[in-house]
Structures are given as structure tokens and as C-alpha cells.
file data.txt (compact mmCIF, C-alpha atoms and all ligand atoms)
# COMPACT_ATOMS: atom_id res chain seq x y z
CA MET A 1 -21.89 -3.23 23.10
CA GLU A 2 -25.14 -2.55 21.17
CA LYS A 3 -26.82 -5.50 19.50
CA GLU A 4 -26.51 -3.95 16.02
CA ASP A 5 -22.74 -3.44 16.44
CA VAL A 6 -20.72 -5.12 13.71
CA ILE A 7 -17.35 -6.54 14.76
CA ILE A 8 -15.03 -7.84 12.05
CA LEU A 9 -11.68 -9.60 12.17
CA GLY A 10 -9.51 -8.86 9.10
CA ILE A 11 -6.47 -10.88 8.04
CA GLU A 12 -3.83 -9.70 5.56
CA SER A 13 -1.05 -11.94 4.24
CA SER A 14 -0.51 -10.96 0.60
CA CYS A 15 3.24 -10.35 0.73
CA ASP A 16 5.68 -10.29 3.63
CA ASP A 17 3.59 -8.80 6.44
CA THR A 18 1.31 -10.95 8.55
CA ALA A 19 -1.42 -8.69 9.85
CA ALA A 20 -4.69 -8.89 11.74
CA ALA A 21 -7.11 -6.17 12.83
CA VAL A 22 -10.48 -5.81 14.50
CA THR A 23 -13.06 -3.18 13.56
CA LEU A 24 -16.18 -2.11 15.41
CA ASN A 25 -18.68 -0.42 13.06
CA GLY A 26 -15.86 0.83 10.90
CA LYS A 27 -13.71 2.00 13.79
CA ILE A 28 -10.27 0.41 14.03
CA LEU A 29 -9.94 -1.21 17.45
CA SER A 30 -6.64 -2.96 16.78
CA ASN A 31 -4.18 -3.16 13.90
CA ILE A 32 -1.32 -5.61 14.42
CA THR A 33 1.44 -6.33 11.89
CA ALA A 34 4.36 -8.75 12.11
CA GLY A 35 7.06 -7.98 9.53
CA GLN A 36 9.48 -10.59 8.21
CA GLU A 37 13.16 -9.74 8.74
CA ILE A 38 14.34 -12.90 6.93
CA HIS A 39 14.02 -11.28 3.46
CA ARG A 40 16.60 -8.56 4.21
CA LYS A 41 19.30 -11.17 3.88
CA TYR A 42 18.25 -11.81 0.26
CA GLY A 43 17.54 -8.21 -0.81
CA GLY A 44 13.90 -9.00 -1.67
CA VAL A 45 10.95 -11.15 -0.68
CA VAL A 46 11.55 -14.91 -1.06
CA PRO A 47 8.03 -16.32 -1.58
CA GLU A 48 8.53 -19.70 0.09
CA LEU A 49 10.16 -18.14 3.15
CA ALA A 50 7.30 -15.63 3.32
CA SER A 51 4.70 -18.44 3.41
CA ARG A 52 6.57 -20.22 6.21
CA ALA A 53 6.90 -17.02 8.25
CA HIS A 54 3.17 -16.33 7.80
CA GLN A 55 2.45 -19.77 9.26
CA GLN A 56 4.56 -18.95 12.30
CA HIS A 57 3.07 -15.49 12.80
CA ILE A 58 -0.60 -15.90 12.05
CA ILE A 59 -1.84 -17.35 15.36
CA PRO A 60 0.04 -14.90 17.64
CA VAL A 61 -0.91 -11.94 15.39
CA VAL A 62 -4.63 -12.79 15.36
CA ASP A 63 -4.51 -13.48 19.10
CA GLU A 64 -2.87 -10.10 19.72
CA ALA A 65 -5.38 -8.27 17.50
CA LEU A 66 -8.30 -9.72 19.49
CA LYS A 67 -6.58 -8.99 22.84
CA VAL A 68 -5.71 -5.38 21.99
CA ALA A 69 -9.27 -4.82 20.74
CA GLY A 70 -10.64 -6.35 23.94
CA ILE A 71 -12.82 -8.64 21.83
CA ASP A 72 -13.47 -12.34 22.39
CA LYS A 73 -13.62 -14.47 19.23
CA ASN A 74 -17.22 -15.34 20.09
CA GLN A 75 -18.19 -11.67 19.75
CA LEU A 76 -17.09 -11.52 16.09
CA ASP A 77 -19.72 -11.01 13.36
CA ALA A 78 -17.54 -11.86 10.36
CA VAL A 79 -14.04 -12.83 9.28
CA ALA A 80 -12.31 -11.16 6.31
CA PHE A 81 -9.15 -11.99 4.41
CA THR A 82 -7.08 -10.74 1.49
CA ARG A 83 -7.96 -12.80 -1.58
CA GLY A 84 -5.32 -11.22 -3.84
CA PRO A 85 -3.37 -9.92 -5.60
CA GLY A 86 -0.23 -11.24 -3.96
CA LEU A 87 2.05 -14.22 -3.48
CA ILE A 88 -0.09 -17.31 -3.73
CA GLY A 89 1.65 -19.22 -0.91
CA SER A 90 1.31 -16.22 1.41
CA LEU A 91 -2.34 -15.69 0.45
CA LEU A 92 -3.07 -19.37 1.12
CA VAL A 93 -1.93 -19.07 4.74
CA GLY A 94 -4.21 -16.10 5.51
CA SER A 95 -7.18 -17.39 3.54
CA SER A 96 -7.00 -20.92 4.99
CA PHE A 97 -6.77 -19.52 8.50
CA ALA A 98 -9.70 -17.14 7.91
CA LYS A 99 -11.83 -19.88 6.39
CA GLY A 100 -11.10 -22.25 9.27
CA MET A 101 -11.97 -19.58 11.79
CA ALA A 102 -15.19 -18.59 10.03
CA LEU A 103 -16.24 -22.23 9.70
CA GLY A 104 -15.37 -23.05 13.32
CA LEU A 105 -17.26 -20.04 14.68
CA GLY A 106 -20.15 -20.25 12.20
CA LEU A 107 -19.41 -16.73 10.85
CA PRO A 108 -19.82 -15.17 7.40
CA LEU A 109 -16.61 -14.93 5.37
CA PHE A 110 -15.62 -11.91 3.24
CA SER A 111 -12.78 -11.91 0.74
CA VAL A 112 -11.13 -8.59 -0.07
CA ASN A 113 -9.19 -7.20 -3.04
CA HIS A 114 -5.95 -5.90 -1.52
CA MET A 115 -5.67 -2.94 -3.93
CA GLN A 116 -9.23 -1.77 -3.28
CA ALA A 117 -8.57 -2.12 0.44
CA HIS A 118 -5.57 0.24 0.09
CA VAL A 119 -8.01 2.86 -1.26
CA ILE A 120 -10.37 2.20 1.66
CA ALA A 121 -7.46 2.86 4.05
CA ASN A 122 -8.42 6.53 3.57
CA PHE A 123 -11.47 5.83 5.78
CA ALA A 124 -9.50 3.98 8.45
CA SER A 125 -9.34 5.62 11.83
CA ARG A 126 -9.14 4.76 15.50
CA ASP A 127 -11.25 7.86 16.15
CA PRO A 128 -13.79 8.09 13.27
CA GLU A 129 -15.68 11.01 14.81
CA ASN A 130 -12.63 13.20 14.39
CA HIS A 131 -11.56 11.76 11.06
CA ASN A 132 -12.04 13.62 7.80
CA PRO A 133 -12.41 11.01 5.01
CA PRO A 134 -12.57 11.93 1.30
CA PRO A 135 -16.02 12.68 -0.11
CA PHE A 136 -17.20 10.77 -3.21
CA PRO A 137 -16.24 10.94 -5.97
CA PHE A 138 -12.51 11.15 -5.41
CA LEU A 139 -9.31 10.14 -7.17
CA CYS A 140 -6.88 7.87 -5.38
CA LEU A 141 -3.25 7.44 -6.37
CA THR A 142 -2.49 3.94 -5.11
CA VAL A 143 1.25 3.38 -5.03
CA SER A 144 2.60 0.15 -3.61
CA GLY A 145 5.42 -2.32 -4.17
CA GLY A 146 3.55 -4.10 -6.94
CA HIS A 147 1.05 -1.54 -8.28
CA THR A 148 0.73 2.07 -9.37
CA GLN A 149 -2.84 3.06 -10.13
CA ILE A 150 -5.02 6.12 -10.43
CA VAL A 151 -8.43 5.03 -9.20
CA LEU A 152 -11.72 6.86 -9.67
CA VAL A 153 -13.69 6.10 -6.50
CA GLU A 154 -17.43 6.62 -6.77
CA ASP A 155 -18.44 4.78 -3.62
CA PHE A 156 -16.96 2.37 -1.05
CA LEU A 157 -17.45 -0.57 -3.39
CA GLN A 158 -17.45 1.28 -6.71
CA MET A 159 -13.99 1.94 -8.04
CA LYS A 160 -12.46 2.08 -11.49
CA VAL A 161 -8.78 2.16 -12.48
CA ILE A 162 -8.29 5.04 -14.95
CA GLY A 163 -4.50 4.85 -15.19
CA GLN A 164 -1.83 2.36 -14.20
CA THR A 165 1.76 1.35 -14.73
CA LEU A 166 2.60 -0.57 -17.86
CA ASP A 167 5.66 -2.19 -16.24
CA ASP A 168 7.30 -1.58 -12.84
CA ALA A 169 5.43 -0.06 -9.91
CA ALA A 170 6.63 3.12 -8.20
CA GLY A 171 7.55 1.16 -5.04
CA GLU A 172 9.48 -1.30 -7.16
CA ALA A 173 11.41 1.60 -8.73
CA PHE A 174 12.28 2.89 -5.25
CA ASP A 175 13.32 -0.59 -4.10
CA LYS A 176 15.35 -1.51 -7.20
CA ILE A 177 17.23 1.80 -7.32
CA ALA A 178 17.83 1.58 -3.57
CA LYS A 179 19.36 -1.85 -4.15
CA LEU A 180 21.62 -0.46 -6.90
CA ILE A 181 23.05 2.07 -4.44
CA GLY A 182 23.53 -0.54 -1.72
CA LEU A 183 20.59 0.19 0.60
CA PRO A 184 18.95 -2.72 2.45
CA TYR A 185 15.53 -4.10 1.43
CA PRO A 186 12.92 -2.64 1.40
CA GLY A 187 14.78 0.34 0.00
CA GLY A 188 11.88 2.81 -0.30
CA PRO A 189 11.85 3.99 3.31
CA GLU A 190 15.69 4.04 3.48
CA LEU A 191 15.92 6.11 0.30
CA ASP A 192 13.28 8.46 1.68
CA LEU A 193 15.25 8.93 4.90
CA LEU A 194 18.52 9.70 3.10
CA SER A 195 16.75 12.07 0.70
CA ARG A 196 16.00 14.46 3.53
CA SER A 197 19.66 15.52 3.78
CA GLY A 198 20.30 15.56 0.02
CA ASN A 199 20.10 18.10 -2.80
CA SER A 200 17.21 16.99 -5.00
CA SER A 201 18.24 19.23 -7.93
CA ARG A 202 21.78 17.83 -8.17
CA PHE A 203 21.04 15.12 -10.76
CA THR A 204 18.29 14.94 -13.35
CA PHE A 205 16.92 11.87 -15.11
CA PRO A 206 14.82 11.50 -18.24
CA LYS A 207 11.05 11.28 -17.69
CA PRO A 208 9.04 8.55 -19.43
CA SER A 209 6.62 9.59 -22.09
CA VAL A 210 3.53 7.40 -21.89
CA PRO A 211 0.16 8.30 -23.39
CA GLY A 212 -2.97 8.91 -21.31
CA LEU A 213 -2.99 8.41 -17.56
CA ASP A 214 -0.70 5.38 -17.57
CA TYR A 215 2.74 5.16 -16.01
CA SER A 216 6.05 3.49 -16.78
CA PHE A 217 9.01 3.18 -14.42
CA SER A 218 11.14 0.57 -16.11
CA GLY A 219 12.97 2.94 -18.48
CA PHE A 220 13.53 5.40 -15.67
CA LYS A 221 15.09 2.69 -13.51
CA THR A 222 17.39 1.67 -16.39
CA ALA A 223 18.39 5.30 -17.00
CA VAL A 224 19.40 5.61 -13.33
CA MET A 225 21.35 2.35 -13.60
CA TYR A 226 23.32 3.59 -16.66
CA PHE A 227 23.92 6.93 -14.98
CA LEU A 228 25.37 5.21 -11.90
CA ASP A 229 27.56 2.93 -14.06
CA ARG A 230 28.90 5.91 -16.00
CA GLU A 231 29.71 7.88 -12.86
CA LYS A 232 31.26 4.86 -11.13
CA ASN A 233 33.59 4.41 -14.12
CA LYS A 234 34.85 7.95 -13.53
CA ASN A 235 34.97 7.69 -9.72
CA GLU A 236 34.57 4.35 -7.99
CA ASN A 237 33.39 6.06 -4.79
CA PHE A 238 30.74 8.09 -6.61
CA ILE A 239 27.78 6.45 -4.85
CA GLN A 240 29.19 6.65 -1.31
CA GLU A 241 30.32 10.27 -1.83
CA ASN A 242 26.97 11.42 -3.25
CA LEU A 243 24.49 9.09 -1.59
CA ALA A 244 22.06 11.64 -0.15
CA ASP A 245 22.03 13.73 -3.37
CA ILE A 246 21.38 10.62 -5.49
CA CYS A 247 18.52 9.58 -3.19
CA ALA A 248 16.98 13.06 -3.16
CA SER A 249 17.26 13.40 -6.97
CA VAL A 250 15.77 9.95 -7.62
CA GLN A 251 12.94 10.57 -5.16
CA LYS A 252 12.18 13.96 -6.70
CA SER A 253 11.99 12.36 -10.19
CA ILE A 254 9.70 9.50 -9.10
CA ILE A 255 7.39 11.96 -7.37
CA ALA A 256 7.37 14.24 -10.43
CA ILE A 257 6.36 11.28 -12.64
CA LEU A 258 3.60 10.30 -10.20
CA MET A 259 2.31 13.86 -9.84
CA GLN A 260 2.24 14.64 -13.58
CA LYS A 261 -0.34 11.93 -14.32
CA LEU A 262 -2.27 12.68 -11.16
CA GLU A 263 -2.56 16.31 -12.28
CA ASP A 264 -3.66 15.10 -15.73
CA ALA A 265 -6.31 12.92 -14.06
CA VAL A 266 -7.63 15.89 -12.07
CA THR A 267 -7.85 17.93 -15.28
CA ALA A 268 -9.46 15.08 -17.24
CA THR A 269 -12.12 14.28 -14.62
CA GLY A 270 -12.58 17.69 -13.01
CA ILE A 271 -12.40 15.92 -9.63
CA LYS A 272 -10.32 17.80 -7.09
CA ASN A 273 -10.76 15.44 -4.15
CA VAL A 274 -7.48 13.57 -4.25
CA ALA A 275 -6.32 10.79 -1.94
CA ILE A 276 -3.23 8.61 -1.85
CA ALA A 277 -2.76 5.06 -0.60
CA GLY A 278 -0.28 2.17 -0.54
CA GLY A 279 3.23 1.85 0.86
CA VAL A 280 4.72 4.70 -1.18
CA SER A 281 2.11 7.08 0.27
CA ALA A 282 4.30 6.92 3.41
CA ASN A 283 6.97 8.79 1.40
CA SER A 284 7.74 12.16 3.00
CA GLY A 285 8.36 13.92 -0.33
CA LEU A 286 5.09 12.74 -1.87
CA ARG A 287 3.14 13.67 1.26
CA LYS A 288 4.69 17.14 1.27
CA ILE A 289 3.97 17.84 -2.38
CA LEU A 290 0.37 16.77 -1.88
CA GLU A 291 0.06 18.98 1.19
CA ASP A 292 1.24 21.89 -0.99
CA LYS A 293 -1.47 21.04 -3.54
CA LYS A 294 -4.04 22.10 -0.94
CA ASN A 295 -3.09 25.68 -1.83
CA ASN A 296 -3.88 24.91 -5.48
CA GLY A 297 -7.52 24.11 -4.83
CA TRP A 298 -7.17 20.35 -4.29
CA ASN A 299 -8.83 18.66 -1.33
CA VAL A 300 -6.09 16.26 -0.27
CA PHE A 301 -6.50 13.13 1.84
CA ILE A 302 -3.59 11.13 3.21
CA PRO A 303 -4.07 8.03 5.38
CA ALA A 304 -2.35 7.78 8.76
CA PHE A 305 1.06 6.07 8.46
CA GLU A 306 -0.14 2.80 9.97
CA PHE A 307 -2.75 2.44 7.19
CA CYS A 308 -0.41 3.34 4.27
CA THR A 309 1.76 0.23 4.18
CA ASP A 310 0.21 -3.24 4.22
CA ASN A 311 -2.13 -3.63 7.18
CA ALA A 312 -5.21 -5.61 8.14
CA GLY A 313 -7.21 -2.58 9.33
CA MET A 314 -7.96 -1.75 5.69
CA ILE A 315 -9.03 -5.37 5.06
CA ALA A 316 -11.46 -5.46 8.00
CA LEU A 317 -12.80 -2.03 7.05
CA TYR A 318 -13.41 -2.98 3.41
CA ALA A 319 -15.21 -6.11 4.64
CA TYR A 320 -17.38 -3.91 6.87
CA TYR A 321 -18.70 -2.05 3.81
CA ARG A 322 -19.27 -5.37 2.07
CA TYR A 323 -21.07 -6.66 5.17
CA LEU A 324 -23.45 -3.68 5.03
CA ASN A 325 -24.07 -4.01 1.30
CA GLY A 326 -24.41 -7.64 0.31
CA PRO A 327 -23.93 -11.34 0.92
CA PRO A 328 -20.69 -12.97 2.11
CA ASP A 329 -18.52 -15.28 0.01
CA PRO A 330 -19.01 -19.04 -0.19
CA PRO A 331 -16.68 -21.09 2.06
CA ASP A 332 -14.89 -22.64 -0.93
CA ILE A 333 -13.62 -19.30 -2.27
CA ILE A 334 -9.92 -19.49 -3.21
CA PRO A 335 -7.15 -16.85 -3.17
CA VAL A 336 -5.81 -15.57 -6.50
CA ALA A 337 -2.30 -14.25 -7.22
CA ARG A 338 -3.60 -11.91 -9.94
CA PHE A 339 -6.86 -10.33 -8.93
CA PRO A 340 -8.52 -8.05 -11.49
CA PHE A 341 -9.58 -4.80 -9.88
O1 LIG B 401 1.59 -1.26 0.03
P1 LIG B 401 2.86 -1.90 0.47
O2 LIG B 401 3.18 -1.92 1.96
O3 LIG B 401 2.96 -3.38 -0.03
C1 LIG B 401 2.48 -3.76 -1.29
O4 LIG B 401 1.26 -3.98 -1.41
O5 LIG B 401 3.35 -3.82 -2.19
O6 LIG B 401 4.03 -1.15 -0.32
C2 LIG B 401 5.37 -1.52 -0.15
C3 LIG B 401 6.21 -0.57 -0.97
C4 LIG B 401 7.67 -0.98 -1.04
O7 LIG B 401 8.09 -0.86 -2.38
C5 LIG B 401 8.35 0.07 -0.15
O8 LIG B 401 9.68 0.34 -0.50
C6 LIG B 401 7.46 1.26 -0.41
O9 LIG B 401 6.15 0.74 -0.40
N1 LIG B 401 7.61 2.29 0.64
C7 LIG B 401 8.15 3.50 0.43
C8 LIG B 401 8.15 4.17 1.68
N2 LIG B 401 7.59 3.33 2.61
C9 LIG B 401 7.27 2.18 1.96
N3 LIG B 401 8.63 4.06 -0.69
C10 LIG B 401 9.10 5.31 -0.61
N4 LIG B 401 9.15 6.01 0.55
C11 LIG B 401 8.69 5.48 1.71
N5 LIG B 401 8.73 6.19 2.85
ZN ZN B 402 -0.17 -3.41 -0.36
call {"tool": "encode", "arguments": {"input": "data.txt", "output": "C-alpha cells"}}
result
Amino acid sequence: MEKEDVIILGIESSCDDTAAAVTLNGKILSNITAGQEIHRKYGGVVPELASRAHQQHIIPVVDEALKVAGIDKNQLDAVAFTRGPGLIGSLLVGSSFAKGMALGLGLPLFSVNHMQAHVIANFASRDPENHNPPPFPFLCLTVSGGHTQIVLVEDFLQMKVIGQTLDDAAGEAFDKIAKLIGLPYPGGPELDLLSRSGNSSRFTFPKPSVPGLDYSFSGFKTAVMYFLDREKNKNENFIQENLADICASVQKSIIAILMQKLEDAVTATGIKNVAIAGGVSANSGLRKILEDKKNNGWNVFIPAFEFCTDNAGMIALYAYYRYLNGPPDPPDIIPVARFPF
């Protein structure tokens, strides 16, 4: 290892995944995530149970991340953690652990905004020399379980939200509709899987009309709910008999809503470098439609699957750019459930 090498341990614990990763000069050496099965039983994340599971997972996950990276804790140059937004109990576990580790090892501590880190996931790679990251400026559609944002990215640490949801997030719409049709939590990936064998033109749903570059998914979700109730009144087996077509039609509608505002943002800014990030960027339909946009003159960037959903690689990587550009955070920094962008 060269003396100027920068090795960072990142810790992510904002929701129901306990994750740790190690980066070497911006290259991802390890990216370990422990999910939490316990929430499936309840059809959604139970915050207190998430905090307890984080406590159980954090030591083995950090240990594994260091082992896989082949890095001893004494070789680290900094420790990073997710400061927010997220569940406060979950954030407390990761931040307390990171602070303790930084203090014990005498290392600088960097806190990271989870949503900005999702954008930075576009730069995450295990093989940076063969990775093609988006050039600045670019637009990033960040679609997760709690957020839907169009971000104008001018530099690694210079980002501005130019559009966002006024109510539910796109991931939340996937999850809530999936729950209505009886799919297990988290419903997004399940709905995606079923969509592949369905007819996406079978059912149509009203599209929200929201000014500017903002989104709304709450009315859409309610419209789907009423539609399902109406059809179930006519045929009680409607959902089971039409499951794949319902999934495909819902997915097509959510993607159309997302794409409309993204297209408006491209027109408004004149920026054709377009990236996506966040859990919903793992969606096969969204990825395909963006791939097709390459033929329309867009330069499209899609993170590898492992960096789409919550992961610590993006946290360590964001901290690397902070490390290169400014001072660390004070040791008494606290996590925040709502973290302005
Ligand atoms: O970014 P993320 O892992 O966690 C948050 O920060 O919220 O996003 C989780 C969200 C969930 O709503 C999940 O259902 C959704 O991403 N998701 C998907 C897919 N994979 C994950 N939604 C649609 N299709 C997928 N393949
Ligand atoms: Zn996330």
C-alpha cells in the first residue's frame, strides 16, 4: 500500500439493513449488508425491532467488511457513518458504533447524508479503471423507499434537489400496492418479478397532475386501491387471477410518472447526462426504459445492483470525497431522522 492511500470504513444503518464497506482511494474493496427478515412478519419495518437487529449485526458486519477487504482496523484513515435521514434508533446504532471506533483508533469521523450518498453510488465500483461514471453536471433520479428526488449534481459535494415528491415516495407506492395485492414486504422487488410475465397495457390508472418537477404518488396509490376494491366486488378472485397483469400495469404507470418529470427536467436544464439511484433503480422496467433513452440522445448511468439498494459502499465513497475536500466532523455530531439535503 502507498503512503498516500486513503482507506475508509463506511457504516450504514438508516433503515433495516446493517451495512459496512471499505474503500481504498474510492475503490470498493468490500460491501457487506445484513438484511433483517424479522420485518416480513409485520409487512413493514418495525423501528424498535430494526434498532435491536442493528445492534446484533453491526459487529459481525464490520468485522466481515474488514476481512473481505483484507484490511486491518489499524490501517484505516477514517470512519464514516450515515447521519440521516432515517429511523433515529437505527441511525443511533451505526453512529454510536462509528464514533466509538473513530475515538478508539484516533481517526477522523465523517457523517454522510444518505440521500446524497445514493447519488454518489453512481461512482461506486470494485474496478474503477473500467467504470464509466457520469460526467458533471448530471441529473440523478433518486428513488428509494422514503424519497423520490430529481437532483442536479454539479460536483461530488455540490447537489441540489430540483424536484421531489410531495407525499409518498415511488418505493413506498410499490410497497403499499404490493401489500394490497398480498405480496410480502418489501413488495417492490416482488412486484417487479411478477411484472415480467404480465401484460402492462391491461389496466390503466390515472396519472397525477403536479406542477413543476415535483411528484405525487398518494393519489395514484388510492386510485389503485379503489380499482382493486371495485374489481374484487365483481369477482372475489380478481387479484389472484390477474396478479401478473396488475403488477405489470402498476409498474408501467409508476415508471411513466417517474419518467415524465425526468424528461421535463432534461428539457428544463438542457442536461442530458442522466443517472438513477436508490432502491427503485434496481427495478427492471425502469432500467430498461432508461437504456432505451440512450437512443434518444441521453447519456444514461445506472449503478451496479449492489449499489442501488441501501449499502455502505456509497457511504464510504461519499466520505472519501469529503476526506479529500475538507475537515471531518466533531466527535459529538448526532444523527438526525430528517436531514435536509
Ligand atoms: O434505497 P432503498 O434500499 O432504501 C431506502 O433508502 O428507502 O430503497 C428501498 C425501496 C423499497 O421501497 C423497495 O421496495 C424498493 O426500493 N425496491 C424496488 C426494487 N428493489 C427495491 N422497487 C421496485 N422494483 C425493484 N426491483
Ligand atoms: Zn436508501
call {"tool": "residues_around", "arguments": {"input": "data.txt", "residues": "Ala169 in chain A", "least_positions_apart": "6", "cutoff": "10 Å", "atoms": "only C-alpha atoms", "output": "VMD selection string"}}
result
chain A and resid 143 to 149 175 215 to 218 280
call {"tool": "residues_around", "arguments": {"input": "data.txt", "residues": "Phe307 in chain A", "least_positions_apart": "6", "cutoff": "9 Å", "atoms": "only C-alpha atoms", "output": "list in words"}}
result
Asn31, His118, Ala121, Asn122, Ala124, Ser125, Ala277, Gly278, Gly279, Gly313 and Met314 of chain A
call {"tool": "axis_aligned_box", "arguments": {"input": "data.txt", "around": "range 80-83 of chain A", "padding_each_side": "4 Å", "output": "JSON"}}
result
{"center_x": -9.7, "center_y": -11.8, "center_z": 2.4, "size_x": 13.2, "size_y": 10.1, "size_z": 15.9}
call {"tool": "atom_distance", "arguments": {"input": "data.txt", "atom1": "CA of Leu191 in chain A", "atom2": "CA of Ala256 in chain A"}}
result
15.9 Å
call {"tool": "atom_distance", "arguments": {"input": "data.txt", "atom1": "CA of Leu166 in chain A", "atom2": "CA of Ser14 in chain A"}}
result
21.4 Å
call {"tool": "closest_residue", "arguments": {"input": "data.txt", "among": "A:Phe238, A:Phe123, A:Phe136, A:Tyr185", "to": "Glu37 in chain A", "atoms": "all atoms listed in the file"}}
result
A:Tyr185
call {"tool": "residues_near_point", "arguments": {"input": "data.txt", "point": "(-3.9, -9.1, -5.2)", "cutoff": "6 Å", "atoms": "all atoms listed in the file", "output": "PDB file with C-alpha atoms, keeping the file's coordinate frame"}}
result
ATOM      1  CA  GLY A  84      -5.320 -11.220  -3.840  1.00  0.00           C
ATOM      2  CA  PRO A  85      -3.370  -9.920  -5.600  1.00  0.00           C
ATOM      3  CA  GLY A  86      -0.230 -11.240  -3.960  1.00  0.00           C
ATOM      4  CA  HIS A 114      -5.950  -5.900  -1.520  1.00  0.00           C
ATOM      5  CA  ALA A 337      -2.300 -14.250  -7.220  1.00  0.00           C
ATOM      6  CA  ARG A 338      -3.600 -11.910  -9.940  1.00  0.00           C
ATOM      7  CA  PHE A 339      -6.860 -10.330  -8.930  1.00  0.00           C
TER       8      PHE A 339
END
call {"tool": "atom_distance", "arguments": {"input": "data.txt", "atom1": "CA of Thr33 in chain A", "atom2": "CA of Met101 in chain A"}}
result
18.9 Å
call {"tool": "closest_residue", "arguments": {"input": "data.txt", "among": "A:Gly198, A:Gly10, A:Pro211, A:Pro303", "to": "Asp245 in chain A", "atoms": "only C-alpha atoms"}}
result
A:Gly198
call {"tool": "residues_around", "arguments": {"input": "data.txt", "residues": "Ala265 in chain A", "least_positions_apart": "5", "cutoff": "9 Å", "atoms": "only C-alpha atoms", "output": "short mmCIF file (atom, residue, chain, number, x, y, z; two decimals) with C-alpha atoms, in the frame of the given file"}}
result
data_model
loop_
_atom_site.label_atom_id
_atom_site.label_comp_id
_atom_site.auth_asym_id
_atom_site.auth_seq_id
_atom_site.Cartn_x
_atom_site.Cartn_y
_atom_site.Cartn_z
CA LEU A 139 -9.31 10.14 -7.17
CA ILE A 150 -5.02 6.12 -10.43
CA ILE A 162 -8.29 5.04 -14.95
CA GLY A 163 -4.50 4.85 -15.19
CA GLY A 212 -2.97 8.91 -21.31
CA LEU A 213 -2.99 8.41 -17.56
CA GLN A 260 2.24 14.64 -13.58
CA GLY A 270 -12.58 17.69 -13.01
CA ILE A 271 -12.40 15.92 -9.63
#
call {"tool": "closest_residue", "arguments": {"input": "data.txt", "among": "A:Ile239, A:Val336, A:Leu324, A:Val224", "to": "Gly182 in chain A", "atoms": "all atoms listed in the file"}}
result
A:Ile239
call {"tool": "residues_around", "arguments": {"input": "data.txt", "residues": "Val79 in chain A", "least_positions_apart": "3", "cutoff": "12 Å", "atoms": "all atoms listed in the file", "output": "ChimeraX atom specification"}}
result
/A:6-12,20-23,62,73-76,82,94-112,312,315-320,322-323,328-329,331
call {"tool": "decode", "arguments": {"input": "data.txt", "residues": "range 226-241 of chain A", "atoms": "N, CA, C and O atoms", "output": "compact mmCIF listing (two decimals), in the first residue's frame"}}
result
# COMPACT_ATOMS: atom_id res chain seq x y z
N TYR A 226 -58.91 1.73 -4.94
CA TYR A 226 -60.33 1.73 -5.31
C TYR A 226 -60.60 0.79 -6.48
O TYR A 226 -61.61 0.09 -6.52
N PHE A 227 -59.69 0.79 -7.43
CA PHE A 227 -59.81 -0.09 -8.59
C PHE A 227 -59.88 -1.55 -8.14
O PHE A 227 -60.76 -2.31 -8.56
N LEU A 228 -58.97 -1.92 -7.23
CA LEU A 228 -58.93 -3.31 -6.75
C LEU A 228 -60.22 -3.64 -5.98
O LEU A 228 -60.79 -4.72 -6.16
N ASP A 229 -60.69 -2.70 -5.16
CA ASP A 229 -61.93 -2.93 -4.40
C ASP A 229 -63.11 -3.16 -5.34
O ASP A 229 -63.90 -4.09 -5.16
N ARG A 230 -63.19 -2.30 -6.37
CA ARG A 230 -64.28 -2.41 -7.34
C ARG A 230 -64.26 -3.78 -8.03
O ARG A 230 -65.28 -4.47 -8.12
N GLU A 231 -63.07 -4.17 -8.48
CA GLU A 231 -62.97 -5.44 -9.21
C GLU A 231 -63.21 -6.63 -8.30
O GLU A 231 -63.80 -7.63 -8.71
N LYS A 232 -62.78 -6.51 -7.05
CA LYS A 232 -62.98 -7.63 -6.09
C LYS A 232 -64.47 -7.81 -5.77
O LYS A 232 -64.92 -8.91 -5.49
N ASN A 233 -65.22 -6.68 -5.81
CA ASN A 233 -66.67 -6.78 -5.59
C ASN A 233 -67.33 -7.57 -6.70
O ASN A 233 -68.32 -8.27 -6.48
N LYS A 234 -66.78 -7.46 -7.91
CA LYS A 234 -67.36 -8.19 -9.04
C LYS A 234 -66.88 -9.65 -9.06
O LYS A 234 -67.60 -10.54 -9.45
N ASN A 235 -65.62 -9.85 -8.68
CA ASN A 235 -65.03 -11.19 -8.71
C ASN A 235 -64.03 -11.30 -7.56
O ASN A 235 -62.98 -10.68 -7.60
N GLU A 236 -64.38 -12.12 -6.57
CA GLU A 236 -63.53 -12.12 -5.37
C GLU A 236 -62.12 -12.68 -5.62
O GLU A 236 -61.20 -12.47 -4.84
N ASN A 237 -61.96 -13.39 -6.75
CA ASN A 237 -60.63 -13.92 -7.08
C ASN A 237 -59.87 -13.04 -8.07
O ASN A 237 -58.89 -13.47 -8.65
N PHE A 238 -60.37 -11.81 -8.24
CA PHE A 238 -59.79 -10.93 -9.27
C PHE A 238 -58.26 -10.80 -9.13
O PHE A 238 -57.54 -10.93 -10.12
N ILE A 239 -57.80 -10.57 -7.91
CA ILE A 239 -56.35 -10.34 -7.74
C ILE A 239 -55.56 -11.59 -8.11
O ILE A 239 -54.62 -11.53 -8.93
N GLN A 240 -55.94 -12.73 -7.52
CA GLN A 240 -55.19 -13.97 -7.81
C GLN A 240 -55.21 -14.29 -9.31
O GLN A 240 -54.19 -14.72 -9.86
N GLU A 241 -56.37 -14.07 -9.96
CA GLU A 241 -56.49 -14.45 -11.38
C GLU A 241 -55.76 -13.50 -12.31
O GLU A 241 -55.49 -13.83 -13.47
